[in-house]
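Dumped target05.pdb below, it's PDB, C-alpha atoms, pLDDT in the B column:
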```
ATOM      1  CA  MET A   1     114.857 117.287  73.153  1.00 56.00           C
ATOM      2  CA  ILE A   2     116.453 120.209  71.365  1.00 64.00           C
ATOM      3  CA  LEU A   3     118.758 118.151  69.165  1.00 60.00           C
ATOM      4  CA  ASP A   4     116.173 115.517  68.275  1.00 59.00           C
ATOM      5  CA  GLN A   5     115.056 116.943  64.932  1.00 60.00           C
ATOM      6  CA  PRO A   6     118.493 118.030  63.644  1.00 65.00           C
ATOM      7  CA  LEU A   7     119.914 114.581  64.474  1.00 59.00           C
ATOM      8  CA  LYS A   8     116.948 112.890  62.850  1.00 61.00           C
ATOM      9  CA  LYS A   9     117.590 114.883  59.657  1.00 63.00           C
ATOM     10  CA  LEU A  10     121.275 113.920  59.756  1.00 61.00           C
ATOM     11  CA  PHE A  11     120.532 110.205  60.012  1.00 61.00           C
ATOM     12  CA  THR A  12     117.630 109.787  57.583  1.00 64.00           C
ATOM     13  CA  SER A  13     117.125 110.835  54.014  1.00 63.00           C
ATOM     14  CA  LYS A  14     113.955 112.257  52.488  1.00 63.00           C
ATOM     15  CA  SER A  15     112.925 108.795  51.327  1.00 68.00           C
ATOM     16  CA  GLY A  16     113.086 107.490  54.910  1.00 67.00           C
ATOM     17  CA  ARG A  17     116.222 105.453  54.349  1.00 73.00           C
ATOM     18  CA  ASP A  18     119.296 105.530  56.565  1.00 76.00           C
ATOM     19  CA  SER A  19     121.736 108.265  55.623  1.00 80.00           C
ATOM     20  CA  ASN A  20     125.392 107.760  54.752  1.00 81.00           C
ATOM     21  CA  ALA A  21     126.343 109.341  58.099  1.00 82.00           C
ATOM     22  CA  LYS A  22     124.241 106.823  60.039  1.00 84.00           C
ATOM     23  CA  SER A  23     125.753 103.920  58.094  1.00 81.00           C
ATOM     24  CA  LEU A  24     129.238 105.229  58.827  1.00 82.00           C
ATOM     25  CA  LEU A  25     128.532 105.610  62.568  1.00 86.00           C
ATOM     26  CA  LYS A  26     127.004 102.130  62.689  1.00 84.00           C
ATOM     27  CA  SER A  27     130.111 100.800  60.917  1.00 76.00           C
ATOM     28  CA  ILE A  28     132.425 102.371  63.480  1.00 82.00           C
ATOM     29  CA  SER A  29     130.428 101.264  66.532  1.00 87.00           C
ATOM     30  CA  TRP A  30     130.136  97.701  65.248  1.00 83.00           C
ATOM     31  CA  ARG A  31     133.844  97.650  64.478  1.00 81.00           C
ATOM     32  CA  ILE A  32     134.693  98.617  68.058  1.00 88.00           C
ATOM     33  CA  VAL A  33     132.696  95.635  69.303  1.00 90.00           C
ATOM     34  CA  GLY A  34     134.195  93.352  66.648  1.00 89.00           C
ATOM     35  CA  THR A  35     137.761  94.469  67.333  1.00 91.00           C
ATOM     36  CA  ILE A  36     137.438  93.851  71.064  1.00 94.00           C
ATOM     37  CA  ASP A  37     136.121  90.382  70.242  1.00 94.00           C
ATOM     38  CA  THR A  38     139.024  89.744  67.843  1.00 93.00           C
ATOM     39  CA  MET A  39     141.559  90.859  70.447  1.00 95.00           C
ATOM     40  CA  ILE A  40     140.065  88.580  73.111  1.00 96.00           C
ATOM     41  CA  ILE A  41     140.029  85.569  70.789  1.00 96.00           C
ATOM     42  CA  SER A  42     143.550  86.369  69.572  1.00 95.00           C
ATOM     43  CA  TYR A  43     144.770  86.539  73.159  1.00 97.00           C
ATOM     44  CA  PHE A  44     143.257  83.142  73.971  1.00 97.00           C
ATOM     45  CA  VAL A  45     144.779  81.607  70.831  1.00 96.00           C
ATOM     46  CA  THR A  46     148.255  83.170  71.058  1.00 96.00           C
ATOM     47  CA  GLY A  47     148.561  83.834  74.784  1.00 97.00           C
ATOM     48  CA  GLU A  48     150.308  87.120  73.947  1.00 97.00           C
ATOM     49  CA  LEU A  49     148.663  90.467  74.652  1.00 96.00           C
ATOM     50  CA  VAL A  50     150.886  92.403  72.239  1.00 96.00           C
ATOM     51  CA  MET A  51     150.072  89.988  69.406  1.00 96.00           C
ATOM     52  CA  ALA A  52     146.347  90.201  70.179  1.00 95.00           C
ATOM     53  CA  ILE A  53     146.416  94.001  70.071  1.00 94.00           C
ATOM     54  CA  SER A  54     148.409  93.911  66.816  1.00 93.00           C
ATOM     55  CA  ILE A  55     145.898  91.595  65.167  1.00 91.00           C
ATOM     56  CA  GLY A  56     142.967  93.720  66.357  1.00 92.00           C
ATOM     57  CA  SER A  57     144.510  96.970  65.190  1.00 89.00           C
ATOM     58  CA  VAL A  58     145.256  95.630  61.700  1.00 84.00           C
ATOM     59  CA  GLU A  59     141.779  94.264  61.019  1.00 86.00           C
ATOM     60  CA  VAL A  60     139.826  97.235  62.348  1.00 82.00           C
ATOM     61  CA  PHE A  61     140.391  99.530  59.356  1.00 81.00           C
ATOM     62  CA  SER A  62     139.633  97.040  56.608  1.00 80.00           C
ATOM     63  CA  LYS A  63     136.454  95.852  58.273  1.00 81.00           C
ATOM     64  CA  ILE A  64     135.077  99.380  58.778  1.00 77.00           C
ATOM     65  CA  ILE A  65     135.347  99.918  55.033  1.00 84.00           C
ATOM     66  CA  LEU A  66     133.883  96.498  54.201  1.00 84.00           C
ATOM     67  CA  TYR A  67     130.950  96.981  56.579  1.00 79.00           C
ATOM     68  CA  TYR A  68     130.177 100.442  55.213  1.00 85.00           C
ATOM     69  CA  PHE A  69     129.855  99.122  51.647  1.00 90.00           C
ATOM     70  CA  HIS A  70     127.892  96.104  52.906  1.00 88.00           C
ATOM     71  CA  GLU A  71     125.462  98.419  54.731  1.00 83.00           C
ATOM     72  CA  ARG A  72     125.039 100.697  51.705  1.00 88.00           C
ATOM     73  CA  ALA A  73     124.381  97.679  49.444  1.00 90.00           C
ATOM     74  CA  TRP A  74     121.638  96.439  51.773  1.00 87.00           C
ATOM     75  CA  GLU A  75     120.178  99.928  52.060  1.00 85.00           C
ATOM     76  CA  SER A  76     119.898 100.165  48.268  1.00 87.00           C
ATOM     77  CA  THR A  77     117.802  96.985  47.973  1.00 85.00           C
ATOM     78  CA  PRO A  78     114.090  97.555  47.476  1.00 83.00           C
ATOM     79  CA  LYS A  79     111.970  97.201  50.581  1.00 74.00           C
ATOM     80  CA  ALA A  80     108.546  95.617  50.579  1.00 69.00           C
ATOM     81  CA  GLU A  81     105.723  97.906  51.551  1.00 69.00           C
ATOM     82  CA  ILE A  82     102.986  96.680  53.861  1.00 64.00           C
ATOM     83  CA  ASN A  83     100.515  96.441  50.984  1.00 65.00           C
ATOM     84  CA  ASP A  84     102.996  94.469  48.852  1.00 59.00           C
ATOM     85  CA  THR A  85     103.206  91.620  51.378  1.00 58.00           C
ATOM     86  CA  GLU A  86      99.428  91.479  51.730  1.00 61.00           C
ATOM     87  CA  LYS A  87      99.056  91.192  47.937  1.00 61.00           C
ATOM     88  CA  GLU A  88     101.704  88.474  47.774  1.00 60.00           C
ATOM     89  CA  PHE A  89     100.009  86.231  50.325  1.00 61.00           C
ATOM     90  CA  ALA A  90      96.396  87.034  49.498  1.00 56.00           C
TER
END
```

Hey, can you dump this file as structure tokens for me?
Amino acid sequence: MILDQPLKKLFTSKSGRDSNAKSLLKSISWRIVGTIDTMIISYFVTGELVMAISIGSVEVFSKIILYYFHERAWESTPKAEINDTEKEFA
């Protein structure tokens, strides 16, 4: 594929970790799924479509930001290498 390598460079850093752009796109895609879920649950609880959409639209922005920082925090944690786990259990 022509765009394979440029996209790969966009989404990974030199150290092999996920890039900021990939974390942001993952945040947005997960938020779409989460917001639809929130709207459905809100509709079942309130019985009002307008209220469900209002609740979903308010929470979407705060949770994108929260997920982004959550993802970056996890990405900054040290990862065990294959040899490290073998040494630990040897």

Which residues, written as a list in words, have at least one atom at most 12 Å from Phe61 (chain A), with all atoms listed in the file counted and residues fewer than 2 positions away on the same chain left out? Ser27, Ile28, Trp30, Arg31, Ile32, Gly34, Thr35, Ile55, Gly56, Ser57, Val58, Glu59, Lys63, Ile64, Ile65, Leu66, Tyr67 and Tyr68 of chain A

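Here the question is which of A:Trp74, A:Ser23, A:Ala52, A:Lys79 gets nearest to Ile40 (chain A) using all atoms listed in the file, and that residue is A:Ala52.
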
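Rounded to one decimal, CA of Thr77 (chain A) and CA of Val60 (chain A) lie 26.3 Å from each other.
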
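The gap separating CA of Ser29 (chain A) from CA of Ala73 (chain A) is 18.5 Å, in Å to one decimal.
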
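CA of Ser76 (chain A) lies 15.0 Å from CA of Leu24 (chain A).
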
Might I get the box with edges along x, y and z of the file that holds all atoms of region 41-55 of chain A listed there, padded by 6 Å on every side, given as centre and edge lengths in Å to one decimal, as JSON?
```
{"center_x": 145.5, "center_y": 87.8, "center_z": 70.0, "size_x": 22.9, "size_y": 24.4, "size_z": 21.6}
```

For region 31-55 of chain A, where the input has fewer atoms than it should, I would like N, CA and C atoms rebuilt and written as a compact mmCIF listing (two decimals), in the frame of the given file.
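Written output follows (rebuild38.txt):
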```
# COMPACT_ATOMS: atom_id res chain seq x y z
N ARG A 31 132.44 98.02 64.57
CA ARG A 31 133.84 97.65 64.48
C ARG A 31 134.52 97.67 65.84
N ILE A 32 134.13 98.59 66.70
CA ILE A 32 134.69 98.62 68.06
C ILE A 32 134.37 97.31 68.78
N VAL A 33 133.11 96.90 68.69
CA VAL A 33 132.70 95.64 69.30
C VAL A 33 133.45 94.46 68.67
N GLY A 34 133.52 94.44 67.35
CA GLY A 34 134.20 93.35 66.65
C GLY A 34 135.68 93.28 66.94
N THR A 35 136.32 94.43 67.07
CA THR A 35 137.76 94.47 67.33
C THR A 35 138.07 93.98 68.74
N ILE A 36 137.25 94.36 69.70
CA ILE A 36 137.44 93.85 71.06
C ILE A 36 137.31 92.33 71.07
N ASP A 37 136.31 91.83 70.35
CA ASP A 37 136.12 90.38 70.24
C ASP A 37 137.34 89.71 69.60
N THR A 38 137.85 90.30 68.52
CA THR A 38 139.02 89.74 67.84
C THR A 38 140.23 89.73 68.77
N MET A 39 140.42 90.80 69.53
CA MET A 39 141.56 90.86 70.45
C MET A 39 141.46 89.79 71.54
N ILE A 40 140.26 89.60 72.07
CA ILE A 40 140.06 88.58 73.11
C ILE A 40 140.35 87.19 72.56
N ILE A 41 139.79 86.88 71.40
CA ILE A 41 140.03 85.57 70.79
C ILE A 41 141.51 85.40 70.46
N SER A 42 142.13 86.44 69.91
CA SER A 42 143.55 86.37 69.57
C SER A 42 144.40 86.13 70.81
N TYR A 43 144.02 86.75 71.91
CA TYR A 43 144.77 86.54 73.16
C TYR A 43 144.64 85.10 73.63
N PHE A 44 143.43 84.54 73.55
CA PHE A 44 143.26 83.14 73.97
C PHE A 44 144.01 82.18 73.06
N VAL A 45 144.09 82.49 71.78
CA VAL A 45 144.78 81.61 70.83
C VAL A 45 146.30 81.73 70.96
N THR A 46 146.81 82.97 71.05
CA THR A 46 148.26 83.17 71.06
C THR A 46 148.85 83.23 72.46
N GLY A 47 148.05 83.67 73.44
CA GLY A 47 148.56 83.83 74.78
C GLY A 47 149.42 85.08 74.94
N GLU A 48 149.48 85.92 73.91
CA GLU A 48 150.31 87.12 73.95
C GLU A 48 149.44 88.36 73.75
N LEU A 49 149.47 89.26 74.71
CA LEU A 49 148.66 90.47 74.65
C LEU A 49 149.09 91.38 73.50
N VAL A 50 150.39 91.53 73.31
CA VAL A 50 150.89 92.40 72.24
C VAL A 50 150.44 91.88 70.87
N MET A 51 150.51 90.59 70.67
CA MET A 51 150.07 89.99 69.41
C MET A 51 148.57 90.19 69.22
N ALA A 52 147.80 90.02 70.27
CA ALA A 52 146.35 90.20 70.18
C ALA A 52 145.99 91.63 69.81
N ILE A 53 146.67 92.59 70.40
CA ILE A 53 146.42 94.00 70.07
C ILE A 53 146.84 94.30 68.64
N SER A 54 147.95 93.71 68.20
CA SER A 54 148.41 93.91 66.82
C SER A 54 147.39 93.37 65.82
N ILE A 55 146.90 92.20 66.06
CA ILE A 55 145.90 91.60 65.17
C ILE A 55 144.64 92.46 65.13
```
